[in-house]
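The structure file target.pdb is reproduced below (PDB, C-alpha atoms and all ligand atoms).
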ATOM      1  CA  MET A   1     288.611  67.199  16.374
ATOM      2  CA  ALA A   2     291.044  64.823  18.021
ATOM      3  CA  GLU A   3     291.231  61.184  17.077
ATOM      4  CA  GLY A   4     288.719  59.121  18.978
ATOM      5  CA  SER A   5     286.245  61.986  19.155
ATOM      6  CA  GLY A   6     283.586  59.695  17.731
ATOM      7  CA  TYR A   7     282.870  62.005  14.819
ATOM      8  CA  GLY A   8     285.386  60.405  12.432
ATOM      9  CA  ASN A   9     287.706  62.383  10.235
ATOM     10  CA  GLU A  10     285.178  63.756   7.791
ATOM     11  CA  GLY A  11     284.296  67.421   7.973
ATOM     12  CA  CYS A  12     286.036  70.765   7.864
ATOM     13  CA  GLY A  13     286.802  73.354  10.516
ATOM     14  CA  TYR A  14     287.564  77.062  10.603
ATOM     15  CA  ILE A  15     289.465  78.845  13.355
ATOM     16  CA  ASP A  16     291.480  82.051  13.636
ATOM     17  CA  GLY A  17     290.768  82.919  10.004
ATOM     18  CA  GLU A  18     291.799  79.592   8.465
ATOM     19  CA  TYR A  19     290.114  76.429   7.279
ATOM     20  CA  VAL A  20     291.600  73.402   8.989
ATOM     21  CA  ALA A  21     291.117  69.652   9.248
ATOM     22  CA  MET A  22     288.797  68.671  12.089
ATOM     23  CA  SER A  23     291.794  67.172  13.925
ATOM     24  CA  ASP A  24     293.412  70.648  13.990
ATOM     25  CA  LEU A  25     290.382  72.453  15.362
ATOM     26  CA  ARG A  26     291.615  73.141  18.885
ATOM     27  CA  LEU A  27     290.996  75.726  21.558
ATOM     28  CA  PRO A  28     293.713  76.853  24.026
ATOM     29  CA  VAL A  29     292.793  75.807  27.557
ATOM     30  CA  THR A  30     293.262  79.451  28.580
ATOM     31  CA  ASP A  31     290.317  80.520  26.380
ATOM     32  CA  LEU A  32     287.514  81.665  28.687
ATOM     33  CA  GLY A  33     285.094  79.850  26.406
ATOM     34  CA  PHE A  34     286.503  76.730  28.049
ATOM     35  CA  GLN A  35     287.152  78.135  31.522
ATOM     36  CA  LEU A  36     283.885  80.048  32.030
ATOM     37  CA  ALA A  37     281.644  78.710  29.243
ATOM     38  CA  ASP A  38     281.891  82.326  28.061
ATOM     39  CA  MET A  39     280.810  81.552  24.527
ATOM     40  CA  CYS A  40     277.792  81.299  22.279
ATOM     41  CA  TYR A  41     277.008  79.204  19.261
ATOM     42  CA  ASP A  42     274.489  78.302  16.662
ATOM     43  CA  ALA A  43     273.900  75.048  14.817
ATOM     44  CA  LEU A  44     272.184  74.687  11.479
ATOM     45  CA  HIS A  45     271.903  71.935   8.947
ATOM     46  CA  VAL A  46     272.414  71.304   5.289
ATOM     47  CA  TRP A  47     270.041  68.876   3.611
ATOM     48  CA  ASP A  48     270.625  67.754   0.038
ATOM     49  CA  GLY A  49     273.062  70.581  -0.584
ATOM     50  CA  ARG A  50     270.931  73.378   0.877
ATOM     51  CA  PHE A  51     271.111  75.205   4.213
ATOM     52  CA  PHE A  52     267.760  75.171   6.018
ATOM     53  CA  ARG A  53     266.542  78.557   7.303
ATOM     54  CA  MET A  54     270.018  80.045   7.182
ATOM     55  CA  ASP A  55     268.790  83.626   7.632
ATOM     56  CA  ASP A  56     266.865  82.705  10.775
ATOM     57  CA  HIS A  57     269.937  80.987  12.204
ATOM     58  CA  LEU A  58     272.093  83.988  11.337
ATOM     59  CA  ASP A  59     269.565  86.322  12.990
ATOM     60  CA  ARG A  60     269.677  84.280  16.204
ATOM     61  CA  TRP A  61     273.456  84.025  16.009
ATOM     62  CA  GLU A  62     273.920  87.779  15.534
ATOM     63  CA  ARG A  63     271.634  88.476  18.493
ATOM     64  CA  ALA A  64     273.726  86.112  20.639
ATOM     65  CA  VAL A  65     277.048  87.642  19.565
ATOM     66  CA  ALA A  66     275.737  91.132  20.354
ATOM     67  CA  ALA A  67     274.303  90.062  23.727
ATOM     68  CA  ARG A  68     277.642  88.491  24.716
ATOM     69  CA  ARG A  69     279.449  91.659  23.564
ATOM     70  CA  TYR A  70     281.805  89.804  21.239
ATOM     71  CA  ASP A  71     283.440  91.599  18.359
ATOM     72  CA  THR A  72     284.304  88.289  16.585
ATOM     73  CA  LEU A  73     287.339  89.942  15.034
ATOM     74  CA  GLY A  74     285.442  92.175  12.659
ATOM     75  CA  HIS A  75     283.364  89.498  10.916
ATOM     76  CA  ASP A  76     279.983  90.669   9.687
ATOM     77  CA  ARG A  77     276.919  88.681   8.643
ATOM     78  CA  GLU A  78     278.256  88.100   5.124
ATOM     79  CA  ASP A  79     281.526  86.790   6.541
ATOM     80  CA  PHE A  80     279.715  84.443   8.939
ATOM     81  CA  ALA A  81     277.669  83.077   6.048
ATOM     82  CA  GLU A  82     280.788  82.653   3.925
ATOM     83  CA  VAL A  83     282.550  80.719   6.701
ATOM     84  CA  LEU A  84     279.570  78.357   6.983
ATOM     85  CA  HIS A  85     279.421  77.839   3.217
ATOM     86  CA  GLY A  86     283.204  77.415   3.172
ATOM     87  CA  CYS A  87     283.204  74.664   5.801
ATOM     88  CA  VAL A  88     280.462  72.657   4.073
ATOM     89  CA  ALA A  89     281.966  73.174   0.614
ATOM     90  CA  ARG A  90     285.449  72.105   1.729
ATOM     91  CA  ALA A  91     284.029  69.111   3.582
ATOM     92  CA  GLY A  92     282.120  68.215   0.404
ATOM     93  CA  LEU A  93     279.012  67.302   2.377
ATOM     94  CA  GLN A  94     275.468  67.178   1.008
ATOM     95  CA  LYS A  95     273.954  66.518   4.443
ATOM     96  CA  SER A  96     275.697  68.251   7.293
ATOM     97  CA  MET A  97     275.401  69.646  10.805
ATOM     98  CA  VAL A  98     277.173  72.991  10.849
ATOM     99  CA  THR A  99     278.241  74.787  14.008
ATOM    100  CA  ILE A 100     279.499  78.333  14.517
ATOM    101  CA  VAL A 101     281.012  79.364  17.847
ATOM    102  CA  ALA A 102     282.369  82.553  19.366
ATOM    103  CA  THR A 103     284.400  82.461  22.568
ATOM    104  CA  ARG A 104     285.658  85.251  24.808
ATOM    105  CA  GLY A 105     289.235  84.248  24.019
ATOM    106  CA  THR A 106     292.364  84.296  26.171
ATOM    107  CA  PRO A 107     292.911  87.208  28.596
ATOM    108  CA  ASP A 108     296.235  89.018  28.733
ATOM    109  CA  SER A 109     296.969  88.101  32.370
ATOM    110  CA  GLY A 110     295.848  86.003  35.311
ATOM    111  CA  HIS A 111     293.705  88.943  36.356
ATOM    112  CA  LYS A 112     291.425  87.839  33.498
ATOM    113  CA  ASP A 113     290.024  91.212  32.568
ATOM    114  CA  LEU A 114     287.308  90.242  30.093
ATOM    115  CA  ARG A 115     287.987  93.378  28.087
ATOM    116  CA  SER A 116     291.540  92.272  27.374
ATOM    117  CA  CYS A 117     290.434  89.136  25.513
ATOM    118  CA  ARG A 118     290.652  88.774  21.774
ATOM    119  CA  ASN A 119     287.337  87.136  20.931
ATOM    120  CA  ARG A 120     287.623  84.014  18.822
ATOM    121  CA  LEU A 121     285.458  82.714  15.990
ATOM    122  CA  MET A 122     285.339  79.112  14.862
ATOM    123  CA  ALA A 123     283.036  76.905  12.839
ATOM    124  CA  TRP A 124     282.843  73.380  11.532
ATOM    125  CA  ALA A 125     280.788  71.138   9.291
ATOM    126  CA  LEU A 126     280.314  67.441  10.046
ATOM    127  CA  PRO A 127     278.266  64.730   8.371
ATOM    128  CA  TYR A 128     274.636  65.145   9.430
ATOM    129  CA  TYR A 129     273.707  63.584  12.765
ATOM    130  CA  SER A 130     270.598  63.491  14.874
ATOM    131  CA  ALA A 131     270.205  64.049  18.612
ATOM    132  CA  VAL A 132     268.650  60.567  18.842
ATOM    133  CA  SER A 133     269.013  57.184  17.112
ATOM    134  CA  ASP A 134     267.209  56.250  13.875
ATOM    135  CA  GLU A 135     265.124  53.790  15.854
ATOM    136  CA  GLU A 136     264.004  56.553  18.244
ATOM    137  CA  THR A 137     263.250  58.896  15.346
ATOM    138  CA  GLU A 138     260.933  56.284  13.884
ATOM    139  CA  HIS A 139     259.324  54.753  16.950
ATOM    140  CA  GLY A 140     259.806  57.400  19.609
ATOM    141  CA  CYS A 141     262.132  58.005  22.537
ATOM    142  CA  ASP A 142     261.615  58.017  26.270
ATOM    143  CA  ILE A 143     262.105  61.008  28.550
ATOM    144  CA  VAL A 144     262.045  61.563  32.279
ATOM    145  CA  VAL A 145     260.954  64.722  34.023
ATOM    146  CA  ALA A 146     264.146  65.579  35.889
ATOM    147  CA  GLU A 147     264.379  66.808  39.444
ATOM    148  CA  THR A 148     267.267  69.009  38.385
ATOM    149  CA  VAL A 149     265.832  72.410  37.436
ATOM    150  CA  ARG A 150     266.935  74.436  34.427
ATOM    151  CA  ILE A 151     269.438  77.214  35.200
ATOM    152  CA  PRO A 152     267.182  80.260  35.810
ATOM    153  CA  PRO A 153     266.937  82.693  32.872
ATOM    154  CA  ASP A 154     267.868  85.551  35.200
ATOM    155  CA  ALA A 155     271.252  83.863  35.677
ATOM    156  CA  VAL A 156     271.964  82.589  32.158
ATOM    157  CA  ASP A 157     269.740  83.709  29.274
ATOM    158  CA  PRO A 158     268.569  80.486  27.572
ATOM    159  CA  THR A 159     267.765  82.352  24.344
ATOM    160  CA  ILE A 160     271.524  82.722  23.815
ATOM    161  CA  LYS A 161     272.631  79.295  22.667
ATOM    162  CA  ASN A 162     275.534  78.246  24.861
ATOM    163  CA  TYR A 163     277.528  75.296  26.205
ATOM    164  CA  GLY A 164     277.028  76.135  29.899
ATOM    165  CA  ARG A 165     274.979  72.972  30.382
ATOM    166  CA  LEU A 166     275.675  71.319  33.714
ATOM    167  CA  ASP A 167     271.943  71.344  34.473
ATOM    168  CA  PHE A 168     271.377  69.177  31.391
ATOM    169  CA  VAL A 169     274.302  66.929  32.308
ATOM    170  CA  ARG A 170     272.926  66.293  35.789
ATOM    171  CA  ALA A 171     269.445  65.688  34.393
ATOM    172  CA  MET A 172     270.789  63.219  31.805
ATOM    173  CA  PHE A 173     272.387  61.173  34.564
ATOM    174  CA  GLU A 174     269.020  61.154  36.341
ATOM    175  CA  ALA A 175     267.570  59.699  33.151
ATOM    176  CA  TYR A 176     270.306  57.053  32.874
ATOM    177  CA  ASP A 177     269.855  56.112  36.534
ATOM    178  CA  ARG A 178     266.143  55.589  35.809
ATOM    179  CA  GLU A 179     266.918  53.449  32.746
ATOM    180  CA  ALA A 180     265.768  56.152  30.353
ATOM    181  CA  HIS A 181     267.726  58.090  27.748
ATOM    182  CA  TYR A 182     266.647  61.746  27.809
ATOM    183  CA  ALA A 183     265.441  64.303  30.327
ATOM    184  CA  VAL A 184     263.227  67.365  30.241
ATOM    185  CA  LEU A 185     263.846  70.015  32.899
ATOM    186  CA  LEU A 186     261.418  72.170  34.849
ATOM    187  CA  ASP A 187     261.922  75.779  35.832
ATOM    188  CA  GLN A 188     261.699  76.904  39.439
ATOM    189  CA  GLU A 189     257.928  77.448  39.097
ATOM    190  CA  GLY A 190     257.322  73.902  37.868
ATOM    191  CA  ASN A 191     256.896  74.770  34.195
ATOM    192  CA  ILE A 192     258.316  72.434  31.572
ATOM    193  CA  THR A 193     261.294  73.995  29.775
ATOM    194  CA  GLU A 194     263.427  71.920  27.364
ATOM    195  CA  GLY A 195     266.084  69.233  27.162
ATOM    196  CA  ARG A 196     269.675  69.142  26.033
ATOM    197  CA  GLY A 197     269.434  70.006  22.361
ATOM    198  CA  TRP A 198     265.649  70.186  21.912
ATOM    199  CA  ASN A 199     262.367  71.975  22.549
ATOM    200  CA  ILE A 200     259.248  70.007  23.428
ATOM    201  CA  PHE A 201     255.634  70.088  22.221
ATOM    202  CA  ALA A 202     252.462  68.587  23.717
ATOM    203  CA  LEU A 203     249.271  68.020  21.709
ATOM    204  CA  THR A 204     246.119  67.837  23.801
ATOM    205  CA  GLY A 205     242.625  67.737  22.346
ATOM    206  CA  GLY A 206     243.909  69.132  19.051
ATOM    207  CA  ARG A 207     245.784  72.017  20.675
ATOM    208  CA  LEU A 208     249.581  72.177  20.396
ATOM    209  CA  VAL A 209     251.666  73.881  23.090
ATOM    210  CA  SER A 210     255.404  74.421  23.455
ATOM    211  CA  PRO A 211     256.876  76.238  26.461
ATOM    212  CA  ASP A 212     257.091  79.992  26.068
ATOM    213  CA  ARG A 213     259.612  80.726  28.828
ATOM    214  CA  GLY A 214     263.048  79.689  29.934
ATOM    215  CA  VAL A 215     263.926  78.054  26.604
ATOM    216  CA  LEU A 216     265.975  78.518  23.487
ATOM    217  CA  GLU A 217     263.756  79.893  20.743
ATOM    218  CA  GLY A 218     264.381  76.918  18.497
ATOM    219  CA  ILE A 219     264.258  77.327  14.742
ATOM    220  CA  THR A 220     262.576  73.916  14.464
ATOM    221  CA  ARG A 221     260.024  74.963  17.111
ATOM    222  CA  MET A 222     259.216  78.079  15.055
ATOM    223  CA  THR A 223     258.967  75.966  11.879
ATOM    224  CA  VAL A 224     256.622  73.463  13.521
ATOM    225  CA  LYS A 225     254.341  76.219  14.825
ATOM    226  CA  GLY A 226     254.058  77.591  11.274
ATOM    227  CA  LEU A 227     253.335  74.146   9.831
ATOM    228  CA  ALA A 228     250.700  73.421  12.476
ATOM    229  CA  GLU A 229     248.967  76.680  11.636
ATOM    230  CA  ARG A 230     248.817  75.582   7.983
ATOM    231  CA  LEU A 231     246.888  72.535   9.253
ATOM    232  CA  ASN A 232     244.560  74.840  11.204
ATOM    233  CA  ILE A 233     245.890  73.459  14.457
ATOM    234  CA  ASP A 234     245.818  75.922  17.332
ATOM    235  CA  ALA A 235     249.566  76.061  18.076
ATOM    236  CA  ARG A 236     250.984  78.369  20.697
ATOM    237  CA  PHE A 237     253.957  79.078  22.933
ATOM    238  CA  ASP A 238     252.594  79.083  26.461
ATOM    239  CA  ALA A 239     253.244  77.820  29.981
ATOM    240  CA  LEU A 240     253.220  74.009  30.067
ATOM    241  CA  LYS A 241     252.860  72.181  33.370
ATOM    242  CA  VAL A 242     254.013  68.623  34.057
ATOM    243  CA  ASP A 243     250.476  67.281  34.475
ATOM    244  CA  ALA A 244     249.467  68.685  31.095
ATOM    245  CA  LEU A 245     252.535  67.109  29.493
ATOM    246  CA  ARG A 246     251.762  63.741  31.038
ATOM    247  CA  ALA A 247     248.116  63.912  29.929
ATOM    248  CA  ALA A 248     248.929  64.885  26.322
ATOM    249  CA  ASP A 249     247.737  62.778  23.375
ATOM    250  CA  GLU A 250     251.029  63.280  21.534
ATOM    251  CA  VAL A 251     254.409  64.629  22.627
ATOM    252  CA  PHE A 252     257.416  65.326  20.426
ATOM    253  CA  LEU A 253     260.819  67.014  20.562
ATOM    254  CA  THR A 254     262.159  69.457  17.978
ATOM    255  CA  SER A 255     265.782  70.006  17.022
ATOM    256  CA  THR A 256     267.900  70.978  14.051
ATOM    257  CA  ALA A 257     269.711  67.707  14.828
ATOM    258  CA  GLY A 258     266.876  65.314  14.039
ATOM    259  CA  GLY A 259     263.843  67.432  13.153
ATOM    260  CA  ILE A 260     260.713  66.157  14.895
ATOM    261  CA  ILE A 261     261.235  63.285  17.320
ATOM    262  CA  PRO A 262     258.230  61.465  18.823
ATOM    263  CA  VAL A 263     258.206  60.786  22.572
ATOM    264  CA  ASN A 264     256.659  57.412  23.420
ATOM    265  CA  GLN A 265     257.148  57.363  27.181
ATOM    266  CA  ILE A 266     257.361  59.913  30.016
ATOM    267  CA  ASP A 267     258.804  58.466  33.205
ATOM    268  CA  ASP A 268     257.125  55.052  33.387
ATOM    269  CA  ALA A 269     253.951  55.863  31.462
ATOM    270  CA  PRO A 270     253.302  55.639  27.718
ATOM    271  CA  VAL A 271     252.337  58.766  25.782
ATOM    272  CA  GLY A 272     248.953  58.045  24.153
ATOM    273  CA  ASP A 273     249.128  54.465  22.881
ATOM    274  CA  GLY A 274     252.941  54.521  22.980
ATOM    275  CA  GLN A 275     253.279  54.992  19.200
ATOM    276  CA  PRO A 276     254.115  58.168  17.251
ATOM    277  CA  GLY A 277     250.792  59.987  16.813
ATOM    278  CA  PRO A 278     249.190  61.067  13.511
ATOM    279  CA  VAL A 279     249.820  64.796  14.007
ATOM    280  CA  THR A 280     253.476  64.162  14.857
ATOM    281  CA  GLN A 281     253.845  62.058  11.709
ATOM    282  CA  ARG A 282     252.055  64.577   9.499
ATOM    283  CA  LEU A 283     254.181  67.473  10.780
ATOM    284  CA  THR A 284     257.335  65.408  10.311
ATOM    285  CA  ARG A 285     256.544  64.811   6.628
ATOM    286  CA  MET A 286     255.743  68.500   6.135
ATOM    287  CA  TYR A 287     258.939  69.537   7.930
ATOM    288  CA  TRP A 288     261.186  67.485   5.642
ATOM    289  CA  ASP A 289     259.218  68.551   2.546
ATOM    290  CA  LEU A 290     260.108  72.165   3.365
ATOM    291  CA  HIS A 291     263.746  71.271   2.743
ATOM    292  CA  ASP A 292     263.101  71.444  -1.023
ATOM    293  CA  ASP A 293     261.393  74.809  -0.795
ATOM    294  CA  PRO A 294     263.565  77.718  -2.042
ATOM    295  CA  ALA A 295     261.767  80.041   0.403
ATOM    296  CA  TYR A 296     263.311  78.107   3.301
ATOM    297  CA  THR A 297     266.630  77.024   1.863
ATOM    298  CA  THR A 298     269.916  78.408   0.561
ATOM    299  CA  PRO A 299     272.081  76.385  -1.862
ATOM    300  CA  VAL A 300     275.580  75.700  -0.525
ATOM    301  CA  ARG A 301     278.256  77.605  -2.463
ATOM    302  CA  TYR A 302     280.303  74.501  -3.253
ATOM    303  CA  GLU A 303     282.508  76.558  -5.584
ATOM    304  CA  LEU A 304     284.182  77.964  -2.444
ATOM    305  CA  ALA A 305     286.038  74.646  -2.144
ATOM    306  CA  ASN A 306     288.056  75.467  -5.274
TER     307      ASN A 306
HETATM  308  C1  LIG B 401     268.814  73.852  24.730
HETATM  309  C2  LIG B 401     268.254  73.729  23.356
HETATM  310  N1  LIG B 401     266.935  73.889  23.181
HETATM  311  C3  LIG B 401     266.378  73.770  21.965
HETATM  312  C4  LIG B 401     267.137  73.444  20.855
HETATM  313  C5  LIG B 401     266.486  73.302  19.500
HETATM  314  O1  LIG B 401     266.775  74.432  18.713
HETATM  315  P1  LIG B 401     266.797  74.348  17.124
HETATM  316  O2  LIG B 401     265.443  73.910  16.706
HETATM  317  O3  LIG B 401     267.102  75.756  16.695
HETATM  318  O4  LIG B 401     267.849  73.381  16.750
HETATM  319  C6  LIG B 401     268.530  73.281  21.000
HETATM  320  C7  LIG B 401     269.364  72.951  19.837
HETATM  321  O5  LIG B 401     270.487  72.526  19.962
HETATM  322  C8  LIG B 401     269.094  73.431  22.281
HETATM  323  O6  LIG B 401     270.406  73.275  22.457
END

Could you quickly redo this structure as structure tokens?
Amino acid sequence: MAEGSGYGNEGCGYIDGEYVAMSDLRLPVTDLGFQLADMCYDALHVWDGRFFRMDDHLDRWERAVAARRYDTLGHDREDFAEVLHGCVARAGLQKSMVTIVATRGTPDSGHKDLRSCRNRLMAWALPYYSAVSDEETEHGCDIVVAETVRIPPDAVDPTIKNYGRLDFVRAMFEAYDREAHYAVLLDQEGNITEGRGWNIFALTGGRLVSPDRGVLEGITRMTVKGLAERLNIDARFDALKVDALRAADEVFLTSTAGGIIPVNQIDDAPVGDGQPGPVTQRLTRMYWDLHDDPAYTTPVRYELAN
């Protein structure tokens, strides 16, 4: 990553079959990943030297690669896993955000026949970061309900994690213009979807709902549903309307970059009493406790750095 990227110089990248310094991780401007957002990615994290839910991330990643019809230069699941381990091991990180990306690649002429492209695979590991500040993780963040609608799933499948995100960009500027920090988007039928980098949950009268349509099937969302069920909370993926979100007792966001993030304000109104609620806090503790559980974690193969 170029100097001044804001990520510092720590980390390790992988591109075109080689491990490289972050400053050498570059994409040609002719790559259609840049020109058309013709790409897909996945992001997972390492906590205290262990990948969290690596198999689930690899499942989602492999589905995305197949849906985009990338060949990723002959890499299979084992190779993908090795690249991820290799980046973290070489970066020497115990807590890391790890990203794997496939792009369409560069076509052989200005005609841009997609079939002529050599698909490209890259990955990188950076020191762990969250989608929000530490202060927001502890006390809650604000969101607005944007007027910008989410790109319809019939146009771009939101279950394939991608960087085609101008709907989120426009919605974020709506938030900034309203002196807020984050935005949740509706679909064309007025259902709540998600925000840039997170799914959303609403707890009302002891029942937990996260949108079932038009969203990325987040690994954290799936984890939280499982944890809620352990607490005998009725947790489901279902349609969620704006009024129900506004009336909820507790609202939180879920993301690999940050875990469970309480929401303390929607537009100008507080959520509940404006403090992170007890269920949000309980689930947060349970979520981070899972990071020691061998059933959910995979030790990083640090020996790959040698
Ligand atoms: C659009 C979108 N929704 C939801 C999520 C949360 O998914 P996960 O819990 O797998 O990180 C992300 C993660 O980056 C995302 O980009």

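Nearest residue to A:Ala81, choosing from A:Met22, A:Leu166, A:Leu58, A:Ala66 and counting all atoms listed in the file: A:Leu58.
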
Contact check, chain A to ligand LIG 401 (chain B), at most 10 Å, counting only C-alpha atoms and all ligand atoms, closest pairs as CSV:
residue,atom,partner,partner_atom,distance
A:Tyr41,CA,B:LIG401,O5,9.4
A:Asp42,CA,B:LIG401,O5,7.8
A:Ala43,CA,B:LIG401,O4,6.6
A:Leu44,CA,B:LIG401,O4,6.9
A:His45,CA,B:LIG401,O4,8.9
A:Arg53,CA,B:LIG401,O3,9.8
A:Asp56,CA,B:LIG401,O3,9.1
A:His57,CA,B:LIG401,O3,7.5
A:Arg60,CA,B:LIG401,O3,8.9
A:Ala131,CA,B:LIG401,O5,8.6
A:Arg150,CA,B:LIG401,C1,9.9
A:Pro158,CA,B:LIG401,C1,7.2
A:Thr159,CA,B:LIG401,C1,8.6
A:Ile160,CA,B:LIG401,C1,9.3
A:Lys161,CA,B:LIG401,O6,6.4
A:Asn162,CA,B:LIG401,O6,7.5
A:Tyr163,CA,B:LIG401,O6,8.3
A:Gly164,CA,B:LIG401,C1,10.0
A:Arg165,CA,B:LIG401,C1,8.4
A:Phe168,CA,B:LIG401,C1,8.5
A:Thr193,CA,B:LIG401,N1,8.7
A:Glu194,CA,B:LIG401,N1,5.8
A:Gly195,CA,B:LIG401,C1,5.9
A:Arg196,CA,B:LIG401,C1,5.0
A:Gly197,CA,B:LIG401,O6,3.4
A:Trp198,CA,B:LIG401,C3,3.7
A:Asn199,CA,B:LIG401,C3,4.4
A:Ile200,CA,B:LIG401,C3,8.2
A:Gly214,CA,B:LIG401,N1,9.7
A:Val215,CA,B:LIG401,N1,6.2
A:Leu216,CA,B:LIG401,N1,4.7
A:Glu217,CA,B:LIG401,O1,6.6
A:Gly218,CA,B:LIG401,O1,3.5
A:Ile219,CA,B:LIG401,O3,3.8
A:Thr220,CA,B:LIG401,O2,3.6
A:Arg221,CA,B:LIG401,O2,5.5
A:Met222,CA,B:LIG401,O2,7.7
A:Thr223,CA,B:LIG401,O2,8.3
A:Val224,CA,B:LIG401,O2,9.4
A:Leu253,CA,B:LIG401,C5,8.5
A:Thr254,CA,B:LIG401,O2,5.7
A:Ser255,CA,B:LIG401,O2,3.9
A:Thr256,CA,B:LIG401,O4,3.6
A:Ala257,CA,B:LIG401,O4,6.3
A:Gly258,CA,B:LIG401,O4,8.6
A:Gly259,CA,B:LIG401,O2,7.6
A:Ile260,CA,B:LIG401,O2,9.3

Two-atom distance - atom CA of A:Phe34, atom CA of A:Ala67 (Å): 18.6 Å

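Atom CA of A:Asp243 is found 21.4 Å from atom CA of A:Ile151.
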
Top pick for closest residue to A:Arg63, considering A:Val156, A:Leu84, A:Cys40, A:Ala125 and counting only C-alpha atoms: A:Cys40
